[in-house]
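Here is the structure we will look at, set down as structure tokens.
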Amino acid sequence: MFDQHRLSVLTDRYAGVIGHRPTACVVTFGCQMNAHDSEKIKGVLAEAGFRLSDQEESDFVIYNTCTVRENANTRVYGRLGQLKNYKKDHPHMIIAVCGCMMQEQRAAAELKNRLPFVDLVFGTFNLDRFPVLLEQTLINRLGNIHETLVEIYEKEYAGEADRLPSKRSFTFKAGVNIMYGCNNFCSYCIVPYVRGRERSRTKEEIMQEIKMLHQDGVKEIMLLGQNVNSYGKTLENPVSFAQLLECVAAESGMERIRFMTSHPKDLSDDLIRVMAENQTVCKHLHLPVQSGSNRILKAMNRRYTRENYLALVDKLRKAIPDLSLTTDIMIGFPGEEERDVADTIDLVKQAGFDNAFTFIYSKRQGTPAATMPGQIDGETAAARFNQLLEAVHETAYKRCERFVGMTLPVMIEDQNRHQEGWMTGRTEHNLLVHFPTDSCRIGSTVPVKIVESKGFYLIGRRV
Ligand code: SAH
Ligand code: SF4
Ligand code: F3S
């Protein structure tokens with residue numbers, strides 16, 4: 001834990017220098033886990049006495065970076081350039097950068113040399129140190145020391161940031177980390193290097209956090225991990241993910257339970273049973289396939305074949321007929337040929353995905369795929385990507401239409417930003433529904449009749 005009093009005193013002194021209560025803006029570049037870390041960073045800043053803001057013209061700005069694809073890095077550098085200009089006119093400003101990109105030694109060193117106006121740099125392995133690092137940064141600033149404070153741990157360790165305060169983005173839904181890191185080493189992926197080895201939290205710790213969220217009015221939780229299906233294997237008293245999910249469904253009091261991400265290689269029959277038997281477990285599964293070509297799947301080190309994947313989909317659909325299935329697909333992996341793309345498109349059609357996140361392969365230094373022969377040029381990859389996108393759109397549109405005419409429970413998320421008097425909610429299948437209404441509480445669940453499908457979202461009417 002951190003010394004909140006000491007931190008507040010420093011924040012007050014900083015406020016005295018700048019003449020107002022300092023504002024802080026936390027920008028998330030990455031996945032759900034990154035967003036979850038940002039909530040912790042916000043929690044610490046709020047308790048320290050900062051006023052949280054969405055504006056990057058704040059006194060304290062922190063970028064929580066992602067490095068899964070090169071364009072995530074490029075965006076960070078671009079945005080830092082803009083911050084530099086702003087800081088010229090606001091020299092009191094504090095800029096921090098953390099997250100997965102910083103956990104790559106190379107990137108952190110580069111940042112320190114190239115961007116000396118950054119005040120604080122830390123990685124994912126020492127997120128729990130943020131309160132102490134913030135303290136030191138404020139001390140530096142108050143003492144007019146303008147050196148970049150860099151703290152990056154080389155190894156992940158057990159002390160995670162679970163106990164830091166948190167400022168959730170939503171009142172009614174929350175993410176809960178059940179595990180950290182990844183041991184799968186898919187040949188293209190940087191995540192195992194920047195998030196470390198797999199480690200699971202105990203069931204007791206997780207249940208305690210979920211019960212507190214429930215008391216706090218949370219209705220929906222998302223259990224988070226890079227590969228939730230291998231949850232619990234490293235615990236002293238091993239627990240399977242299916243057992244954990246069953247326990248959460250039975251004891252948490254949550255209306256909706258989601259989880260992310262599942263790896264197809266170890267999705268168990270037990271998990272399918274728990275999903276089918278428990279009403280509160282949402283009938284939505286995100287099951288990244290990456291490719292429909294056996295040759296490419298092997299080179300990716302995914303450890304399943306297209307036949308395994310399609311058989312799994314079949315089994316899932318039989319057990320849970322109403323299931324929404326989404327996936328991640330990558331195009332342009334080294335050595336890919338037209339026939340591999342055709343195999344992937346064929347799998348998209350056969351599996352009938354409700355939606356897919358599609359990516360162009362991005363070379364990550366230090367991963368095995370980076371040095372594989374047959375790297376695909378940008379133009380070829382882009383053309384293949386468009387082909388894939390067309391197939392994904394076609395199946396997604398078809399799948400979305402199946403809801404028209406049905407009345408579905410919709411959890412209200414927000415006022416509709418484009419149409420006055422409309423609200424936006426989500427079905428358990430993770431589809432957004434927009435509908436007109438004059439009274440609806442955010443976080444409440446109401447029955448909505450679906451009147452139109454827009455392909456990736458729905459239009460409804462209150463019943
Ligand atoms: N743990 C999750 C995914 C984490 S990263 C899983 O195994 O599914 C999210 C997605 O980013 C991946 O599913 C993959 O499709 C994509 N991705 C990962 N590395 C990538 C790379 N080097 N280039 C392009 N896309 C990548
Ligand atoms: Fe990356 Fe594969 Fe781990 Fe997912 S399972 S994080 S794609 S290495
Ligand atoms: Fe990106 Fe790190 Fe998530 S690399 S995808 S933010 S785990």
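Labels used: A, B, ... for chains in the order of the structure tokens, numbers from 1 for residues in each chain, and numbers from 1 for ligands as shown.
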
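Using only C-alpha atoms and all ligand atoms, residues with at least one atom at most 6 Å away from any atom of ligand 2 are Cys182, Asn184, Phe185, Cys186, Cys189, Val191, Pro192, Gln226 and Asn227 of chain A.
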
Determine which residues of segment 117-223 of chain A DSSP labels as strand (DSSP E) from the backbone of this structure, then write them out as a short mmCIF file (atom, residue, chain, number, x, y, z; two decimals) with all heavy atoms, in the first residue's frame.
data_model
loop_
_atom_site.label_atom_id
_atom_site.label_comp_id
_atom_site.auth_asym_id
_atom_site.auth_seq_id
_atom_site.Cartn_x
_atom_site.Cartn_y
_atom_site.Cartn_z
N LEU A 120 8.61 10.70 -16.13
CA LEU A 120 8.58 9.42 -15.43
C LEU A 120 8.30 8.29 -16.41
O LEU A 120 7.41 8.40 -17.26
CB LEU A 120 7.46 9.46 -14.36
CG LEU A 120 7.08 8.13 -13.70
CD1 LEU A 120 8.25 7.56 -12.91
CD2 LEU A 120 5.87 8.31 -12.78
N VAL A 121 9.08 7.22 -16.30
CA VAL A 121 8.89 6.04 -17.14
C VAL A 121 8.91 4.80 -16.25
O VAL A 121 9.82 4.63 -15.44
CB VAL A 121 10.03 5.91 -18.20
CG1 VAL A 121 9.88 4.63 -19.00
CG2 VAL A 121 10.06 7.11 -19.14
N PHE A 122 7.89 3.95 -16.37
CA PHE A 122 7.96 2.66 -15.66
C PHE A 122 7.24 1.60 -16.49
O PHE A 122 6.54 1.90 -17.45
CB PHE A 122 7.41 2.75 -14.23
CG PHE A 122 5.97 3.20 -14.13
CD1 PHE A 122 4.95 2.27 -13.98
CD2 PHE A 122 5.64 4.54 -14.17
CE1 PHE A 122 3.63 2.68 -13.87
CE2 PHE A 122 4.32 4.96 -14.07
CZ PHE A 122 3.31 4.02 -13.92
N LEU A 149 12.81 10.15 -14.54
CA LEU A 149 12.91 9.07 -13.57
C LEU A 149 12.47 7.78 -14.28
O LEU A 149 11.34 7.69 -14.75
CB LEU A 149 12.00 9.38 -12.38
CG LEU A 149 11.83 8.29 -11.33
CD1 LEU A 149 13.16 7.95 -10.66
CD2 LEU A 149 10.82 8.74 -10.26
N VAL A 150 13.40 6.83 -14.39
CA VAL A 150 13.08 5.58 -15.10
C VAL A 150 13.19 4.42 -14.11
O VAL A 150 14.23 4.25 -13.47
CB VAL A 150 14.05 5.32 -16.28
CG1 VAL A 150 13.67 4.05 -17.02
CG2 VAL A 150 14.05 6.50 -17.24
N GLU A 151 12.14 3.62 -13.97
CA GLU A 151 12.24 2.41 -13.16
C GLU A 151 11.55 1.27 -13.90
O GLU A 151 10.34 1.27 -14.08
CB GLU A 151 11.61 2.59 -11.78
CG GLU A 151 11.89 1.38 -10.90
CD GLU A 151 11.21 1.43 -9.55
OE1 GLU A 151 11.79 2.03 -8.62
OE2 GLU A 151 10.11 0.86 -9.42
N LYS A 173 -20.21 -1.80 -14.39
CA LYS A 173 -19.45 -2.98 -14.83
C LYS A 173 -17.97 -2.79 -14.53
O LYS A 173 -17.48 -1.66 -14.47
CB LYS A 173 -19.69 -3.27 -16.31
CG LYS A 173 -19.24 -2.22 -17.29
CD LYS A 173 -19.44 -2.74 -18.71
CE LYS A 173 -18.98 -1.72 -19.74
NZ LYS A 173 -19.11 -2.19 -21.11
N ALA A 174 -17.28 -3.91 -14.36
CA ALA A 174 -15.88 -3.84 -13.96
C ALA A 174 -15.11 -5.04 -14.48
O ALA A 174 -15.67 -6.12 -14.68
CB ALA A 174 -15.79 -3.80 -12.43
N GLY A 175 -13.82 -4.85 -14.68
CA GLY A 175 -12.94 -5.95 -15.04
C GLY A 175 -12.27 -6.48 -13.78
O GLY A 175 -12.01 -5.71 -12.85
N VAL A 176 -12.02 -7.76 -13.73
CA VAL A 176 -11.31 -8.36 -12.59
C VAL A 176 -10.18 -9.23 -13.15
O VAL A 176 -10.44 -10.17 -13.90
CB VAL A 176 -12.26 -9.23 -11.74
CG1 VAL A 176 -11.49 -9.93 -10.63
CG2 VAL A 176 -13.40 -8.40 -11.17
N ASN A 177 -8.95 -8.88 -12.81
CA ASN A 177 -7.83 -9.71 -13.25
C ASN A 177 -7.86 -11.03 -12.52
O ASN A 177 -7.87 -11.05 -11.29
CB ASN A 177 -6.51 -9.03 -12.89
CG ASN A 177 -6.00 -8.17 -14.02
OD1 ASN A 177 -6.33 -8.41 -15.18
ND2 ASN A 177 -5.23 -7.17 -13.70
N MET A 179 -5.63 -13.48 -13.68
CA MET A 179 -4.26 -13.95 -13.87
C MET A 179 -3.45 -12.91 -14.63
O MET A 179 -4.04 -11.99 -15.22
CB MET A 179 -4.27 -15.26 -14.65
CG MET A 179 -4.93 -15.12 -16.01
SD MET A 179 -5.43 -16.69 -16.71
CE MET A 179 -3.87 -17.51 -16.86
N TYR A 180 -2.16 -13.07 -14.61
CA TYR A 180 -1.28 -12.15 -15.31
C TYR A 180 -0.38 -12.95 -16.24
O TYR A 180 -0.14 -14.13 -16.02
CB TYR A 180 -0.41 -11.39 -14.31
CG TYR A 180 -1.22 -10.57 -13.35
CD1 TYR A 180 -1.60 -11.09 -12.12
CD2 TYR A 180 -1.62 -9.28 -13.67
CE1 TYR A 180 -2.35 -10.35 -11.23
CE2 TYR A 180 -2.38 -8.53 -12.80
CZ TYR A 180 -2.74 -9.07 -11.58
OH TYR A 180 -3.50 -8.33 -10.71
N ARG A 199 0.84 -16.15 -14.13
CA ARG A 199 0.61 -16.37 -12.69
C ARG A 199 -0.84 -16.04 -12.38
O ARG A 199 -1.38 -15.04 -12.86
CB ARG A 199 1.61 -15.60 -11.82
CG ARG A 199 1.70 -14.12 -12.08
CD ARG A 199 3.10 -13.77 -12.64
NE ARG A 199 3.17 -12.30 -12.77
CZ ARG A 199 3.25 -11.68 -13.94
NH1 ARG A 199 3.34 -12.33 -15.08
NH2 ARG A 199 3.27 -10.37 -13.98
N SER A 200 -1.47 -16.91 -11.58
CA SER A 200 -2.90 -16.77 -11.28
C SER A 200 -3.09 -16.23 -9.88
O SER A 200 -2.31 -16.53 -8.98
CB SER A 200 -3.57 -18.13 -11.36
OG SER A 200 -3.49 -18.65 -12.66
N GLU A 220 -22.09 -6.25 -13.63
CA GLU A 220 -21.47 -7.11 -14.65
C GLU A 220 -19.97 -7.13 -14.46
O GLU A 220 -19.36 -6.08 -14.29
CB GLU A 220 -21.81 -6.56 -16.04
CG GLU A 220 -21.09 -7.28 -17.16
CD GLU A 220 -21.40 -6.72 -18.54
OE1 GLU A 220 -22.57 -6.48 -18.85
OE2 GLU A 220 -20.44 -6.53 -19.30
N ILE A 221 -19.39 -8.32 -14.50
CA ILE A 221 -17.93 -8.37 -14.41
C ILE A 221 -17.36 -9.12 -15.61
O ILE A 221 -17.99 -10.01 -16.18
CB ILE A 221 -17.40 -9.04 -13.12
CG1 ILE A 221 -18.12 -10.36 -12.88
CG2 ILE A 221 -17.48 -8.12 -11.94
CD1 ILE A 221 -17.36 -11.25 -11.96
N MET A 222 -16.13 -8.73 -15.93
CA MET A 222 -15.37 -9.42 -16.97
C MET A 222 -14.12 -9.98 -16.32
O MET A 222 -13.29 -9.23 -15.79
CB MET A 222 -15.02 -8.39 -18.05
CG MET A 222 -13.95 -8.80 -19.01
SD MET A 222 -14.59 -9.56 -20.50
CE MET A 222 -15.06 -8.14 -21.44
N LEU A 223 -14.00 -11.31 -16.33
CA LEU A 223 -12.80 -11.94 -15.77
C LEU A 223 -11.69 -11.84 -16.82
O LEU A 223 -11.88 -12.25 -17.97
CB LEU A 223 -13.08 -13.41 -15.43
CG LEU A 223 -14.29 -13.64 -14.51
CD1 LEU A 223 -14.55 -15.13 -14.32
CD2 LEU A 223 -14.08 -12.97 -13.15
#

Which residues form the shell of 9 Å around ligand 3 when you count only C-alpha atoms and all ligand atoms, given as a short mmCIF file (atom, residue, chain, number, x, y, z; two decimals) with N, CA, C and O atoms, in the first residue's frame?
data_model
loop_
_atom_site.label_atom_id
_atom_site.label_comp_id
_atom_site.auth_asym_id
_atom_site.auth_seq_id
_atom_site.Cartn_x
_atom_site.Cartn_y
_atom_site.Cartn_z
N THR A 28 -5.22 5.43 -22.23
CA THR A 28 -4.97 3.99 -22.42
C THR A 28 -4.81 3.68 -23.91
O THR A 28 -5.67 4.05 -24.71
N PHE A 29 -3.75 2.99 -24.27
CA PHE A 29 -3.54 2.64 -25.67
C PHE A 29 -3.84 1.17 -25.97
O PHE A 29 -3.93 0.78 -27.11
N GLY A 30 -3.95 0.33 -24.94
CA GLY A 30 -3.96 -1.11 -25.19
C GLY A 30 -5.27 -1.83 -24.92
O GLY A 30 -6.35 -1.26 -25.02
N CYS A 31 -5.12 -3.08 -24.51
CA CYS A 31 -6.25 -3.99 -24.36
C CYS A 31 -6.97 -3.78 -23.02
O CYS A 31 -6.62 -2.91 -22.24
N GLN A 32 -7.92 -4.66 -22.74
CA GLN A 32 -8.68 -4.58 -21.49
C GLN A 32 -7.79 -4.60 -20.25
O GLN A 32 -8.09 -3.98 -19.25
N MET A 33 -6.69 -5.36 -20.36
CA MET A 33 -5.82 -5.45 -19.19
C MET A 33 -5.08 -4.14 -18.95
O MET A 33 -4.88 -3.72 -17.83
N ASN A 34 -4.74 -3.52 -20.06
CA ASN A 34 -4.12 -2.20 -20.01
C ASN A 34 -5.10 -1.19 -19.41
O ASN A 34 -4.74 -0.38 -18.56
N ALA A 35 -6.37 -1.29 -19.85
CA ALA A 35 -7.40 -0.38 -19.35
C ALA A 35 -7.61 -0.60 -17.85
O ALA A 35 -7.82 0.34 -17.09
N ASN A 64 -0.48 5.12 -20.97
CA ASN A 64 -0.34 3.70 -20.66
C ASN A 64 -0.28 2.96 -22.00
O ASN A 64 -1.28 2.78 -22.67
N THR A 65 0.93 2.56 -22.38
CA THR A 65 1.17 2.15 -23.77
C THR A 65 0.93 0.67 -24.04
O THR A 65 0.88 -0.16 -23.13
N CYS A 66 0.83 0.38 -25.33
CA CYS A 66 0.67 -0.99 -25.84
C CYS A 66 1.74 -1.18 -26.90
O CYS A 66 2.13 -0.22 -27.57
N THR A 67 2.23 -2.40 -27.08
CA THR A 67 3.25 -2.61 -28.10
C THR A 67 2.95 -3.84 -28.95
O THR A 67 3.82 -4.37 -29.61
N VAL A 68 1.69 -4.26 -28.93
CA VAL A 68 1.34 -5.51 -29.61
C VAL A 68 1.53 -5.40 -31.14
O VAL A 68 1.88 -6.36 -31.79
N ARG A 69 1.32 -4.20 -31.66
CA ARG A 69 1.59 -3.94 -33.08
C ARG A 69 2.36 -2.62 -33.20
O ARG A 69 2.20 -1.74 -32.36
N ALA A 72 0.75 0.86 -32.68
CA ALA A 72 0.46 1.32 -31.33
C ALA A 72 1.64 2.19 -30.85
O ALA A 72 1.45 3.24 -30.24
N GLY A 99 3.38 1.11 -19.12
CA GLY A 99 2.71 0.08 -19.92
C GLY A 99 3.66 -0.82 -20.69
O GLY A 99 4.88 -0.78 -20.51
N CYS A 100 3.08 -1.62 -21.58
CA CYS A 100 3.82 -2.71 -22.23
C CYS A 100 4.99 -2.24 -23.07
O CYS A 100 6.04 -2.89 -23.12
N MET A 101 4.84 -1.11 -23.74
CA MET A 101 5.91 -0.63 -24.60
C MET A 101 7.15 -0.30 -23.76
O MET A 101 8.28 -0.52 -24.19
N THR A 124 5.37 -2.62 -16.85
CA THR A 124 4.20 -3.34 -16.33
C THR A 124 4.54 -4.14 -15.07
O THR A 124 3.66 -4.46 -14.29
N GLY A 181 0.15 -12.28 -17.25
CA GLY A 181 1.17 -12.88 -18.10
C GLY A 181 0.64 -13.94 -19.05
O GLY A 181 -0.57 -14.19 -19.13
N CYS A 189 3.96 -12.95 -31.17
CA CYS A 189 3.39 -12.12 -30.12
C CYS A 189 4.42 -11.65 -29.08
O CYS A 189 5.22 -12.42 -28.57
N ILE A 190 4.33 -10.38 -28.72
CA ILE A 190 5.26 -9.76 -27.78
C ILE A 190 4.76 -9.86 -26.33
O ILE A 190 5.52 -9.67 -25.39
N VAL A 191 3.47 -10.17 -26.19
CA VAL A 191 2.85 -10.11 -24.85
C VAL A 191 3.61 -10.93 -23.79
O VAL A 191 3.87 -10.43 -22.69
N PRO A 192 4.02 -12.19 -24.08
CA PRO A 192 4.73 -12.94 -23.04
C PRO A 192 6.01 -12.25 -22.57
O PRO A 192 6.44 -12.46 -21.43
N VAL A 194 6.48 -8.85 -22.48
CA VAL A 194 6.23 -7.60 -21.76
C VAL A 194 5.26 -7.77 -20.58
O VAL A 194 5.06 -6.83 -19.80
N ARG A 195 4.66 -8.94 -20.48
CA ARG A 195 3.76 -9.20 -19.34
C ARG A 195 4.24 -10.35 -18.47
O ARG A 195 3.61 -10.69 -17.47
N GLN A 226 -4.82 -13.18 -20.30
CA GLN A 226 -4.44 -13.40 -21.71
C GLN A 226 -4.91 -14.75 -22.20
O GLN A 226 -5.14 -14.95 -23.38
#

Site check for ligand 1: residues at most 9 Å away, only C-alpha atoms and all ligand atoms, as a ChimeraX atom specification: /A:31,67-70,182,184,186-191,225-228,260-264,286-290,302,327-333,357-364,367,369-370

Show me, as JSON lines, the residues of segment 312-371 of chain A having an atom within 12 Å of segment 429-435 of chain A, each with the closest atom pair and its distance in Å, using only C-alpha atoms.
{"residue": "A:Asp322", "atom": "CA", "partner": "A:His429", "partner_atom": "CA", "distance": 8.8}
{"residue": "A:Leu323", "atom": "CA", "partner": "A:His429", "partner_atom": "CA", "distance": 7.4}
{"residue": "A:Ser324", "atom": "CA", "partner": "A:His429", "partner_atom": "CA", "distance": 5.6}
{"residue": "A:Leu325", "atom": "CA", "partner": "A:His429", "partner_atom": "CA", "distance": 8.6}
{"residue": "A:Thr326", "atom": "CA", "partner": "A:Asn430", "partner_atom": "CA", "distance": 9.8}
{"residue": "A:Asp354", "atom": "CA", "partner": "A:His429", "partner_atom": "CA", "distance": 9.1}
{"residue": "A:Asn355", "atom": "CA", "partner": "A:Leu431", "partner_atom": "CA", "distance": 9.8}

Hey, can you spit out that residue selection with N, CA and C atoms as a PDB file, in the first residue's frame?
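New file selection26.pdb:
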ATOM      1  N   ASP A 322     -27.531 -20.630 -28.695  1.00  0.00           N
ATOM      2  CA  ASP A 322     -27.678 -19.183 -28.846  1.00  0.00           C
ATOM      3  C   ASP A 322     -26.345 -18.432 -28.824  1.00  0.00           C
ATOM      4  N   LEU A 323     -25.246 -19.171 -28.791  1.00  0.00           N
ATOM      5  CA  LEU A 323     -23.940 -18.550 -28.564  1.00  0.00           C
ATOM      6  C   LEU A 323     -23.543 -17.528 -29.637  1.00  0.00           C
ATOM      7  N   SER A 324     -22.992 -16.412 -29.182  1.00  0.00           N
ATOM      8  CA  SER A 324     -22.326 -15.468 -30.093  1.00  0.00           C
ATOM      9  C   SER A 324     -20.840 -15.758 -30.042  1.00  0.00           C
ATOM     10  N   LEU A 325     -20.258 -15.914 -31.208  1.00  0.00           N
ATOM     11  CA  LEU A 325     -18.851 -16.281 -31.256  1.00  0.00           C
ATOM     12  C   LEU A 325     -18.070 -15.181 -31.966  1.00  0.00           C
ATOM     13  N   THR A 326     -17.075 -14.642 -31.294  1.00  0.00           N
ATOM     14  CA  THR A 326     -16.226 -13.641 -31.942  1.00  0.00           C
ATOM     15  C   THR A 326     -14.778 -14.125 -31.910  1.00  0.00           C
ATOM     16  N   ASP A 354     -19.806 -14.015 -35.224  1.00  0.00           N
ATOM     17  CA  ASP A 354     -20.660 -12.843 -35.037  1.00  0.00           C
ATOM     18  C   ASP A 354     -19.880 -11.565 -35.275  1.00  0.00           C
ATOM     19  N   ASN A 355     -18.594 -11.640 -35.055  1.00  0.00           N
ATOM     20  CA  ASN A 355     -17.723 -10.510 -35.354  1.00  0.00           C
ATOM     21  C   ASN A 355     -16.285 -10.981 -35.255  1.00  0.00           C
TER      22      ASN A 355
END

Within 7 Å of Pro409 of chain A using only C-alpha atoms, minus same-chain residues under 6 positions, as an MDAnalysis selection string: chainID A and resid 427 445:448

Please produce an output containing N, CA and C atoms for each residue in the selection, written as an mmCIF file, in the first residue's frame.
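The new file selection.cif reads:
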data_model
loop_
_atom_site.group_PDB
_atom_site.id
_atom_site.type_symbol
_atom_site.label_atom_id
_atom_site.label_comp_id
_atom_site.auth_asym_id
_atom_site.auth_seq_id
_atom_site.Cartn_x
_atom_site.Cartn_y
_atom_site.Cartn_z
ATOM 1 N N THR A 427 -26.548 -6.282 -25.191
ATOM 2 C CA THR A 427 -27.163 -7.590 -24.947
ATOM 3 C C THR A 427 -26.108 -8.500 -24.346
ATOM 4 N N THR A 445 -31.282 -3.274 -16.279
ATOM 5 C CA THR A 445 -31.524 -4.148 -17.426
ATOM 6 C C THR A 445 -33.001 -4.093 -17.782
ATOM 7 N N VAL A 446 -33.293 -3.811 -19.044
ATOM 8 C CA VAL A 446 -34.696 -3.677 -19.465
ATOM 9 C C VAL A 446 -34.946 -4.549 -20.706
ATOM 10 N N PRO A 447 -36.207 -5.006 -20.871
ATOM 11 C CA PRO A 447 -36.502 -5.775 -22.085
ATOM 12 C C PRO A 447 -36.660 -4.842 -23.293
ATOM 13 N N VAL A 448 -35.997 -5.185 -24.372
ATOM 14 C CA VAL A 448 -36.067 -4.355 -25.583
ATOM 15 C C VAL A 448 -36.374 -5.262 -26.774
#

Hey, what's within 12 Å of Ile139 of chain A if we count only C-alpha atoms and toss same-chain stuff fewer than 4 positions away? As number ranges by chain, please? A: 6-7, 9-14, 94, 119, 132-135, 143-147, 149

Nearest residue to Lys233 of chain A out of A:Asn386, A:Ser444, A:Thr202, A:Ser453, using only C-alpha atoms?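 Between A:Asn386, A:Ser444, A:Thr202, A:Ser453, the residue approaching Lys233 of chain A most closely is A:Thr202.
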
Near-segment 247-252 of chain A list (12 Å; only C-alpha atoms; drop same-chain fewer than 6 positions) as a PyMOL selection string: chain A and resi 176+178+203-215+217-223+239-241+258-259+274-282

Calculated over only C-alpha atoms, which of the candidates A:Ser230, A:Arg339, A:Pro334, A:Pro131 has the smallest distance to Pro368 of chain A?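 With only C-alpha atoms as the atom set, the closest residue is A:Pro334.
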
Nearest candidate to Lys42 of chain A (options A:Leu83, A:Leu164, A:Ala382, A:Val118; using only C-alpha atoms):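 Nearest to Lys42 of chain A: A:Leu164.
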
List every residue of segment 167-369 of chain A that DSSP, applied to the backbone, labels as helix (DSSP H, G or I), and write the result as a ChimeraX atom specification. /A:191-195,203-215,228-230,241-251,264-266,269-277,294-299,306-319,338-351,368-369

Restricting to only C-alpha atoms, whichever of A:Ile459, A:Met411, A:Leu115, A:Ala396 is closest to Asn85 of chain A is A:Leu115

Would you compute the distance between atom CA of Cys25 of chain A and atom CA of Val61 of chain A? Give it in Å to one decimal. 4.8 Å
